[in-house]
Amino acid sequence: MFDYRDATAPIEERVKNLLTQMTPEEKIGQMMVLPSKVEGNIDKIEQWGVGSYFHCAGDKTQELQRRAENTRLGIPIIFAIDAVHGHCFENNATVFPTQLAASCSWDHDVMYNMGRVTATEVRGCGIHWTFSPVLCVGRDTRWGRINETFGEDPWLIGEMATAIIKGYQGDSLNADDTVMACAKHYVGYGETLGGRDAYESSISQRTLLTHFLPPFEKAVKEGGVATLMASYQSIDGTPCSADPWLMRDIPKTQWGMDGFVVTDWDNVGALHEKQFVAASYAEAANIGVKAGNDMIMTTLAFYDAALEQLKNGQLESHWVDDAVARILRYKFKLGLFDERRYCDLSAKKEIVGQPAHWQHALEASRKSLTLLKNKNNALPLNAEQLNKILVVGPNADNVKAQLGDWSFGSYQAGATDDKMHKSSTVTVLQGIKTLLSSHNIDTPYVQGAHCADDDIDSISEAVTQAQQSDVLIACIGDTLSQQGEFHDRSDLNLGGKQQALLEALKATGKPLIIVYIASKPLAISWVKDNADAILCAFNPGAKGGTAIAEALFGEFNPSGKLTISFPYSVGQLPVYYNSYPGWHSVLSDRLDGVERYFDAPKEPVFSFGEGLSYTQFNYADLQILTPKLIAEQTLRVSVQLSNTGAREGCEIVQLYIRDLYSSVVTPIKNLRAFKRVTLAAGESTEVILEVAYWDLALINRALEKVVEPGEFEVMVGTSSKDSDLLKARFWVED
């Protein structure tokens, strides 16, 4: 028999050996993950043998690891943290754009590098596990956590998530620069009624299989993600953490996941306290473990309740053994029983915030910037032709707004303002001043208004400065107090007095450039109609100000594309591009026979996939290279792409598919391929795009994944809008 302390033994044998030596108390203890900062939790290392702690930093990790080593079996602790867009709760660490911002790059390398840098810095601080990435589908922008998503499209979410997971986990978890990833929130968390966080999701199993589970499946099968985090909410009345079909059957049996499922904050307790599907903590523990939750976050009552259930036979030991084996497997994979138990924190200063890491963050900010309007080539600005530029608006010099949630300043950090990455953050104002430092250009700044309803009004001062300026750069959006958990919105208009500020600036007749810094799409139809140019940054990270300034003055050519649609109004929601057909249209004096509200357009203000360039691209000659597809064959498509403008640019070529006639109603289009293509001015190239056979599948009424024979339409172009797409048809043979 192999001994679990033998580093040369196979991991599975070590797991089996250790399990045979563990008491029921030690097994249940391993299933606990607790916040380290809560009083009394640390002493549970010896009392319970706690398996994991989160938000534990500095020398504390090594101290607790030593205490764990001195317990009877010496089982090490997994330390975890919410490193969602960089190791943001470490003051000197690299802060990337948020997921929503970074996803607008449509760039696998950006996501992979974001994961690699974050993993290196997190592991260098003695932490082994990040609660990231977020795979929620962002289709209701009222929801407070939209900024954490990769946008509205499940297929693209799977692509971006898989890339960052590979960055986090590297080639081996037994390394000094890799961490376990955690795909969350599993599943349908962003689809709650009314955009209410952690509320009820009315989603059928077929819809789950069609839209919400595929990104997680890709994360497991292609990304090899180590862990999943269960959602808070219920789906059709069943809490996610109480559903064995979701927690156990799908990921572990069908997808073959060898890692473990962790609950979100107090999910098991909520079964008894909030969702009322368990009459006691003991019943809640029983339901949670049998459903497939392996590690239980923050529910202190779980320990005694599960132990009681286990000892009286109400909870079968094989469910507990399976959960503990999954946890131990990854402790061995991380090398925590062997040479990786401790971390040399003396090297932390050289690891965290390296110049090369910040370069990756800056590149992510650059590639994420999305040009949404550029009337009469208002951008890029020519510094040689300007004497005075007014920088105005609440987000021009606002670190909190720029970094977004899950960073210092957000409630999760519990930090004061002096630890907000201020020394490493370049705001838009700072970026512009630095870039123009060698030019004799006056760049005054007037805040003008707050994003929220604070009592500030310096609009008159802004107007006075605007009248004396050549161009106005207005930085608008939202701020940290308006986003994240507990911050769902019913009103998506610009907050505070921003709208009044913009209208006053517009009235001066000066060119109005909008820099949009926000956690989500707001209802900005007035901005679209009245701005001369709009540059969307969302939350662009600590180096976002540098990237924005460079883009405004043409130091590089923006290439980002939206991964989420902007609603005309809150009443237009949902407005995601891959909607279903069948909306009644009415012919009358006021209506035009198009599917729409009678008082609002059908189309969003800005659509998924939109994004302009400082050059122009032309699409032509769409060809189906495999016009008749047989089973398992890859669809191949070609299109001629030309840069018809005067400078080099990168175009993100997008391919969408529609199943024209099917046994169930299917979306009007689904993204199924894309490619970033860089062309010099005047250059043309043939772009080949491929679609895997099973990306043509649907979920039928029997909940089977099938590719139905018949005619399909392929659409290729610069955005999801019909007007931007070339179309052709192909057949799938029976």
# chains A, B, ... in the order shown; residues from 1 in each chain; ligands from 1
>>> closest_atom_pairs(of="range 274-351 of chain A", to="range 2-16 of chain A", cutoff="9 Å", atoms="only C-alpha atoms", output="JSON lines")
{"residue": "A:Ala325", "atom": "CA", "partner": "A:Val15", "partner_atom": "CA", "distance": 6.2}
{"residue": "A:Arg326", "atom": "CA", "partner": "A:Val15", "partner_atom": "CA", "distance": 8.7}
{"residue": "A:Leu328", "atom": "CA", "partner": "A:Val15", "partner_atom": "CA", "distance": 6.3}
{"residue": "A:Arg329", "atom": "CA", "partner": "A:Val15", "partner_atom": "CA", "distance": 6.2}
{"residue": "A:Phe332", "atom": "CA", "partner": "A:Ile11", "partner_atom": "CA", "distance": 6.5}
{"residue": "A:Lys333", "atom": "CA", "partner": "A:Ile11", "partner_atom": "CA", "distance": 7.5}
{"residue": "A:Gly335", "atom": "CA", "partner": "A:Ala7", "partner_atom": "CA", "distance": 8.9}
{"residue": "A:Phe337", "atom": "CA", "partner": "A:Arg5", "partner_atom": "CA", "distance": 7.1}
{"residue": "A:Asp338", "atom": "CA", "partner": "A:Ala7", "partner_atom": "CA", "distance": 6.5}
>>> write_last_selection(atoms="N, CA and C atoms", output="PDB file, in the first residue's frame")
ATOM      1  N   ALA A 325     -12.246  13.131  -1.450  1.00  0.00           N
ATOM      2  CA  ALA A 325     -11.258  12.639  -2.411  1.00  0.00           C
ATOM      3  C   ALA A 325     -10.985  13.683  -3.491  1.00  0.00           C
ATOM      4  N   ARG A 326     -12.019  14.353  -3.943  1.00  0.00           N
ATOM      5  CA  ARG A 326     -11.856  15.385  -4.971  1.00  0.00           C
ATOM      6  C   ARG A 326     -11.015  16.543  -4.447  1.00  0.00           C
ATOM      7  N   LEU A 328      -8.814  16.426  -1.856  1.00  0.00           N
ATOM      8  CA  LEU A 328      -7.448  15.943  -1.627  1.00  0.00           C
ATOM      9  C   LEU A 328      -6.683  15.773  -2.937  1.00  0.00           C
ATOM     10  N   ARG A 329      -7.374  15.301  -3.973  1.00  0.00           N
ATOM     11  CA  ARG A 329      -6.726  15.116  -5.275  1.00  0.00           C
ATOM     12  C   ARG A 329      -6.030  16.397  -5.715  1.00  0.00           C
ATOM     13  N   PHE A 332      -2.953  17.380  -3.665  1.00  0.00           N
ATOM     14  CA  PHE A 332      -1.774  16.669  -4.150  1.00  0.00           C
ATOM     15  C   PHE A 332      -1.295  17.269  -5.478  1.00  0.00           C
ATOM     16  N   LYS A 333      -2.223  17.576  -6.379  1.00  0.00           N
ATOM     17  CA  LYS A 333      -1.836  18.165  -7.660  1.00  0.00           C
ATOM     18  C   LYS A 333      -1.116  19.493  -7.482  1.00  0.00           C
ATOM     19  N   GLY A 335       0.837  20.139  -5.160  1.00  0.00           N
ATOM     20  CA  GLY A 335       2.120  19.890  -4.502  1.00  0.00           C
ATOM     21  C   GLY A 335       2.144  20.310  -3.048  1.00  0.00           C
ATOM     22  N   PHE A 337       1.271  18.751  -0.328  1.00  0.00           N
ATOM     23  CA  PHE A 337       1.780  17.764   0.624  1.00  0.00           C
ATOM     24  C   PHE A 337       3.299  17.646   0.541  1.00  0.00           C
ATOM     25  N   ASP A 338       3.882  18.237  -0.486  1.00  0.00           N
ATOM     26  CA  ASP A 338       5.307  18.027  -0.749  1.00  0.00           C
ATOM     27  C   ASP A 338       6.044  19.369  -0.763  1.00  0.00           C
TER      28      ASP A 338
END
>>> residues_around(residues="range 294-306 of chain A", least_positions_apart="5", cutoff="7 Å", atoms="only C-alpha atoms", output="PyMOL selection string")
chain A and resi 28-29+31-35+260-266+268-269+281-282+285-286+289+323
>>> residues_around(residues="range 398-404 of chain A", least_positions_apart="5", cutoff="9 Å", atoms="only C-alpha atoms", output="number ranges by chain")
A: 95-98, 147, 409-410, 420-422, 425-428, 477-481, 483-484, 517-519, 537-542, 544-545
>>> write_last_selection(atoms="C-alpha atoms", output="compact mmCIF listing (two decimals), in the first residue's frame")
# COMPACT_ATOMS: atom_id res chain seq x y z
CA VAL A 95 -4.81 45.29 -12.15
CA PHE A 96 -6.31 44.33 -15.51
CA PRO A 97 -9.52 45.53 -17.13
CA THR A 98 -12.62 43.83 -15.78
CA ASN A 147 -19.13 43.91 -15.24
CA GLY A 409 -12.26 50.44 -2.78
CA SER A 410 -14.94 47.78 -3.32
CA MET A 420 -6.63 51.78 -3.94
CA HIS A 421 -3.76 51.16 -6.36
CA LYS A 422 -3.48 54.92 -6.65
CA THR A 425 -3.22 53.77 -11.73
CA VAL A 426 -3.14 56.21 -14.63
CA THR A 427 -6.47 58.00 -14.97
CA VAL A 428 -7.72 59.44 -18.25
CA GLY A 477 -20.61 56.39 -16.99
CA ASP A 478 -21.08 55.01 -13.50
CA THR A 479 -18.98 54.45 -10.42
CA LEU A 480 -18.21 51.80 -7.83
CA SER A 481 -21.19 52.57 -5.60
CA GLN A 483 -22.23 48.31 -9.41
CA GLY A 484 -21.48 44.85 -8.06
CA ILE A 517 -16.16 54.35 -18.34
CA ALA A 518 -18.81 52.17 -16.73
CA SER A 519 -19.57 48.72 -15.40
CA ALA A 537 -13.68 51.51 -22.18
CA PHE A 538 -16.00 49.98 -19.55
CA ASN A 539 -13.64 49.48 -16.54
CA PRO A 540 -10.28 49.56 -18.36
CA GLY A 541 -7.93 48.72 -15.48
CA ALA A 542 -5.08 50.60 -13.86
CA GLY A 544 -6.62 52.39 -18.84
CA GLY A 545 -5.85 56.11 -18.82
>>> closest_residue(among="A:Asp470, A:Ser424, A:Leu679, A:Leu429", to="Ala361 in chain A", atoms="only C-alpha atoms")
A:Ser424
>>> select_by_dssp(residues="range 402-641 of chain A", states="strand (DSSP E or B)", output="JSON, numbers by chain")
{"A": [408, 410, 442, 445, 446, 471, 472, 473, 474, 475, 476, 477, 512, 513, 514, 515, 516, 517, 533, 534, 535, 536, 566, 587, 592, 597, 600, 606, 612, 617, 618, 619, 620, 621, 622, 623, 624, 628, 629, 635, 636, 637, 638, 639, 640, 641]}
>>> write_last_selection(atoms="N, CA and C atoms", output="tab-separated table (two decimals), in the first residue's frame")
chain	number	residue	atom	x	y	z
A	408	PHE	N	-9.42	47.21	-4.67
A	408	PHE	CA	-9.44	48.07	-3.49
A	408	PHE	C	-10.44	49.19	-3.70
A	410	SER	N	-13.68	48.52	-3.34
A	410	SER	CA	-14.94	47.78	-3.32
A	410	SER	C	-15.15	47.19	-1.94
A	442	ASP	N	-3.13	73.63	-23.41
A	442	ASP	CA	-3.79	73.80	-22.11
A	442	ASP	C	-4.84	72.69	-21.95
A	445	TYR	N	-9.24	70.66	-16.27
A	445	TYR	CA	-10.19	69.61	-15.90
A	445	TYR	C	-11.27	70.20	-15.02
A	446	VAL	N	-12.53	69.89	-15.37
A	446	VAL	CA	-13.68	70.25	-14.55
A	446	VAL	C	-14.52	68.99	-14.37
A	471	VAL	N	-11.74	71.39	-28.24
A	471	VAL	CA	-12.43	70.11	-28.22
A	471	VAL	C	-12.72	69.73	-26.78
A	472	LEU	N	-13.80	68.96	-26.59
A	472	LEU	CA	-14.23	68.56	-25.24
A	472	LEU	C	-14.14	67.05	-25.13
A	473	ILE	N	-13.45	66.55	-24.11
A	473	ILE	CA	-13.37	65.12	-23.83
A	473	ILE	C	-14.12	64.86	-22.54
A	474	ALA	N	-15.30	64.27	-22.67
A	474	ALA	CA	-16.19	64.05	-21.52
A	474	ALA	C	-16.16	62.59	-21.11
A	475	CYS	N	-15.76	62.33	-19.86
A	475	CYS	CA	-15.64	60.96	-19.35
A	475	CYS	C	-16.84	60.69	-18.44
A	476	ILE	N	-17.75	59.86	-18.92
A	476	ILE	CA	-19.01	59.63	-18.22
A	476	ILE	C	-19.21	58.14	-17.99
A	477	GLY	N	-20.27	57.80	-17.23
A	477	GLY	CA	-20.61	56.39	-16.99
A	477	GLY	C	-21.22	56.18	-15.63
A	512	LEU	N	-17.60	67.19	-29.35
A	512	LEU	CA	-17.83	66.49	-28.08
A	512	LEU	C	-17.39	65.04	-28.22
A	513	ILE	N	-16.32	64.69	-27.54
A	513	ILE	CA	-15.78	63.33	-27.54
A	513	ILE	C	-16.17	62.67	-26.23
A	514	ILE	N	-16.82	61.52	-26.31
A	514	ILE	CA	-17.25	60.79	-25.11
A	514	ILE	C	-16.30	59.63	-24.85
A	515	VAL	N	-15.80	59.54	-23.63
A	515	VAL	CA	-15.09	58.35	-23.14
A	515	VAL	C	-15.99	57.69	-22.12
A	516	TYR	N	-16.42	56.49	-22.45
A	516	TYR	CA	-17.43	55.80	-21.63
A	516	TYR	C	-16.74	54.84	-20.67
A	517	ILE	N	-16.77	55.17	-19.38
A	517	ILE	CA	-16.16	54.35	-18.34
A	517	ILE	C	-17.28	53.92	-17.39
A	533	ALA	N	-17.85	61.61	-31.24
A	533	ALA	CA	-17.15	60.32	-31.18
A	533	ALA	C	-17.41	59.70	-29.82
A	534	ILE	N	-17.43	58.37	-29.79
A	534	ILE	CA	-17.62	57.64	-28.53
A	534	ILE	C	-16.59	56.53	-28.46
A	535	LEU	N	-15.81	56.54	-27.40
A	535	LEU	CA	-14.83	55.49	-27.14
A	535	LEU	C	-15.25	54.76	-25.87
A	536	CYS	N	-15.60	53.48	-26.01
A	536	CYS	CA	-16.09	52.69	-24.87
A	536	CYS	C	-14.93	51.95	-24.23
A	566	PHE	N	-26.16	47.52	-25.99
A	566	PHE	CA	-26.62	48.68	-25.22
A	566	PHE	C	-28.13	48.86	-25.44
A	587	LEU	N	-49.08	46.42	-38.88
A	587	LEU	CA	-49.07	47.47	-39.89
A	587	LEU	C	-50.10	48.53	-39.53
A	592	ASP	N	-44.31	50.00	-38.88
A	592	ASP	CA	-43.81	49.69	-40.20
A	592	ASP	C	-43.77	48.20	-40.52
A	597	TYR	N	-41.38	47.41	-30.29
A	597	TYR	CA	-42.34	48.10	-29.44
A	597	TYR	C	-42.92	49.27	-30.24
A	600	ALA	N	-40.59	52.24	-29.12
A	600	ALA	CA	-39.13	52.08	-29.08
A	600	ALA	C	-38.70	51.20	-30.23
A	606	PHE	N	-26.43	50.17	-29.39
A	606	PHE	CA	-25.25	49.55	-29.98
A	606	PHE	C	-25.40	48.04	-29.84
A	612	LEU	N	-15.78	50.24	-34.36
A	612	LEU	CA	-15.21	50.90	-35.53
A	612	LEU	C	-13.69	50.92	-35.45
A	617	PHE	N	-12.86	48.73	-43.49
A	617	PHE	CA	-12.71	47.35	-43.98
A	617	PHE	C	-13.89	47.01	-44.88
A	618	ASN	N	-13.60	46.27	-45.91
A	618	ASN	CA	-14.63	45.83	-46.84
A	618	ASN	C	-14.66	44.31	-46.90
A	619	TYR	N	-15.87	43.75	-46.85
A	619	TYR	CA	-16.07	42.30	-46.97
A	619	TYR	C	-16.65	41.99	-48.34
A	620	ALA	N	-16.16	40.93	-48.95
A	620	ALA	CA	-16.66	40.54	-50.27
A	620	ALA	C	-16.44	39.05	-50.50
A	621	ASP	N	-17.21	38.51	-51.46
A	621	ASP	CA	-16.99	37.16	-51.98
A	621	ASP	C	-17.05	36.09	-50.88
A	622	LEU	N	-18.16	36.05	-50.18
A	622	LEU	CA	-18.36	34.99	-49.18
A	622	LEU	C	-18.57	33.66	-49.89
A	623	GLN	N	-17.77	32.68	-49.54
A	623	GLN	CA	-17.84	31.37	-50.18
A	623	GLN	C	-17.98	30.28	-49.13
A	624	ILE	N	-18.89	29.32	-49.38
A	624	ILE	CA	-19.01	28.14	-48.54
A	624	ILE	C	-18.13	27.05	-49.16
A	628	LYS	N	-22.14	21.08	-48.71
A	628	LYS	CA	-22.96	19.98	-48.21
A	628	LYS	C	-22.16	19.25	-47.14
A	629	LEU	N	-22.64	19.36	-45.91
A	629	LEU	CA	-21.89	18.88	-44.75
A	629	LEU	C	-22.42	17.52	-44.32
A	635	LEU	N	-17.41	22.74	-40.97
A	635	LEU	CA	-17.82	23.75	-41.93
A	635	LEU	C	-16.65	24.71	-42.18
A	636	ARG	N	-16.35	24.97	-43.45
A	636	ARG	CA	-15.27	25.89	-43.82
A	636	ARG	C	-15.85	26.98	-44.72
A	637	VAL	N	-15.52	28.21	-44.38
A	637	VAL	CA	-16.05	29.37	-45.07
A	637	VAL	C	-14.89	30.31	-45.39
A	638	SER	N	-14.95	30.97	-46.53
A	638	SER	CA	-13.94	31.98	-46.86
A	638	SER	C	-14.61	33.30	-47.19
A	639	VAL	N	-13.93	34.40	-46.90
A	639	VAL	CA	-14.41	35.73	-47.24
A	639	VAL	C	-13.19	36.59	-47.58
A	640	GLN	N	-13.38	37.51	-48.49
A	640	GLN	CA	-12.30	38.41	-48.86
A	640	GLN	C	-12.41	39.67	-48.01
A	641	LEU	N	-11.35	39.98	-47.28
A	641	LEU	CA	-11.32	41.15	-46.41
A	641	LEU	C	-10.28	42.14	-46.93
>>> closest_residue(among="A:Pro214, A:Gly495, A:Pro574, A:Gly582", to="Glu159 in chain A", atoms="only C-alpha atoms")
A:Pro214
>>> atom_distance(atom1="CA of His55 in chain A", atom2="CA of Ala83 in chain A")
9.9 Å
>>> residues_around(residues="Tyr189 in chain A", least_positions_apart="2", cutoff="12 Å", atoms="only C-alpha atoms", output="PyMOL selection string")
chain A and resi 134-140+143-146+148-149+184-187+191-193+195-203+208+212-213+229-235+239-240+264+485
>>> residues_around(residues="Thr210 in chain A", least_positions_apart="2", cutoff="10 Å", atoms="only C-alpha atoms", output="PyMOL selection string")
chain A and resi 154+204-208+212-214+666+697-700+703+705
>>> write_last_selection(atoms="C-alpha atoms", output="PDB file, in the first residue's frame")
ATOM      1  CA  PRO A 154     -22.437  31.836 -24.454  1.00  0.00           C
ATOM      2  CA  SER A 204     -36.087  25.317 -18.367  1.00  0.00           C
ATOM      3  CA  GLN A 205     -33.642  22.427 -18.622  1.00  0.00           C
ATOM      4  CA  ARG A 206     -33.618  22.831 -22.403  1.00  0.00           C
ATOM      5  CA  THR A 207     -32.675  26.499 -22.066  1.00  0.00           C
ATOM      6  CA  LEU A 208     -29.967  25.611 -19.562  1.00  0.00           C
ATOM      7  CA  PHE A 212     -26.097  28.518 -19.960  1.00  0.00           C
ATOM      8  CA  LEU A 213     -24.329  25.187 -19.539  1.00  0.00           C
ATOM      9  CA  PRO A 214     -22.214  25.197 -22.751  1.00  0.00           C
ATOM     10  CA  THR A 666     -33.837  28.502 -32.530  1.00  0.00           C
ATOM     11  CA  ALA A 697     -26.371  21.471 -32.828  1.00  0.00           C
ATOM     12  CA  LEU A 698     -29.561  22.275 -30.989  1.00  0.00           C
ATOM     13  CA  ILE A 699     -31.193  20.775 -27.912  1.00  0.00           C
ATOM     14  CA  ASN A 700     -34.415  19.090 -28.978  1.00  0.00           C
ATOM     15  CA  LEU A 703     -33.187  17.243 -24.245  1.00  0.00           C
ATOM     16  CA  LYS A 705     -28.052  17.438 -28.425  1.00  0.00           C
TER      17      LYS A 705
END
>>> atom_distance(atom1="CA of Glu339 in chain A", atom2="CA of Thr227 in chain A")
22.6 Å
>>> residues_around(residues="Met257 in chain A", least_positions_apart="5", cutoff="12 Å", atoms="only C-alpha atoms", output="ChimeraX atom specification")
/A:216-228,247-252,326
>>> write_last_selection(atoms="C-alpha atoms", output="PDB file, in the first residue's frame")
ATOM      1  CA  PHE A 216     -19.083  25.610 -18.357  1.00  0.00           C
ATOM      2  CA  GLU A 217     -18.853  22.447 -20.434  1.00  0.00           C
ATOM      3  CA  LYS A 218     -16.121  24.037 -22.525  1.00  0.00           C
ATOM      4  CA  ALA A 219     -14.347  25.205 -19.362  1.00  0.00           C
ATOM      5  CA  VAL A 220     -14.327  21.621 -18.046  1.00  0.00           C
ATOM      6  CA  LYS A 221     -13.604  19.683 -21.234  1.00  0.00           C
ATOM      7  CA  GLU A 222     -11.250  22.096 -23.012  1.00  0.00           C
ATOM      8  CA  GLY A 223      -9.983  24.251 -20.159  1.00  0.00           C
ATOM      9  CA  GLY A 224      -9.637  21.473 -17.583  1.00  0.00           C
ATOM     10  CA  VAL A 225     -10.944  23.801 -14.898  1.00  0.00           C
ATOM     11  CA  ALA A 226     -10.249  22.482 -11.405  1.00  0.00           C
ATOM     12  CA  THR A 227     -13.374  23.745  -9.649  1.00  0.00           C
ATOM     13  CA  LEU A 228     -16.881  25.076 -10.156  1.00  0.00           C
ATOM     14  CA  MET A 247     -24.124  19.701  -9.310  1.00  0.00           C
ATOM     15  CA  ARG A 248     -23.284  16.041  -9.807  1.00  0.00           C
ATOM     16  CA  ASP A 249     -24.755  14.444 -12.924  1.00  0.00           C
ATOM     17  CA  ILE A 250     -23.821  17.102 -15.481  1.00  0.00           C
ATOM     18  CA  PRO A 251     -20.241  18.104 -14.532  1.00  0.00           C
ATOM     19  CA  LYS A 252     -18.964  14.968 -12.840  1.00  0.00           C
ATOM     20  CA  ARG A 326     -11.856  15.385  -4.971  1.00  0.00           C
TER      21      ARG A 326
END
>>> atom_distance(atom1="CA of Val575 in chain A", atom2="CA of Pro601 in chain A")
10.6 Å
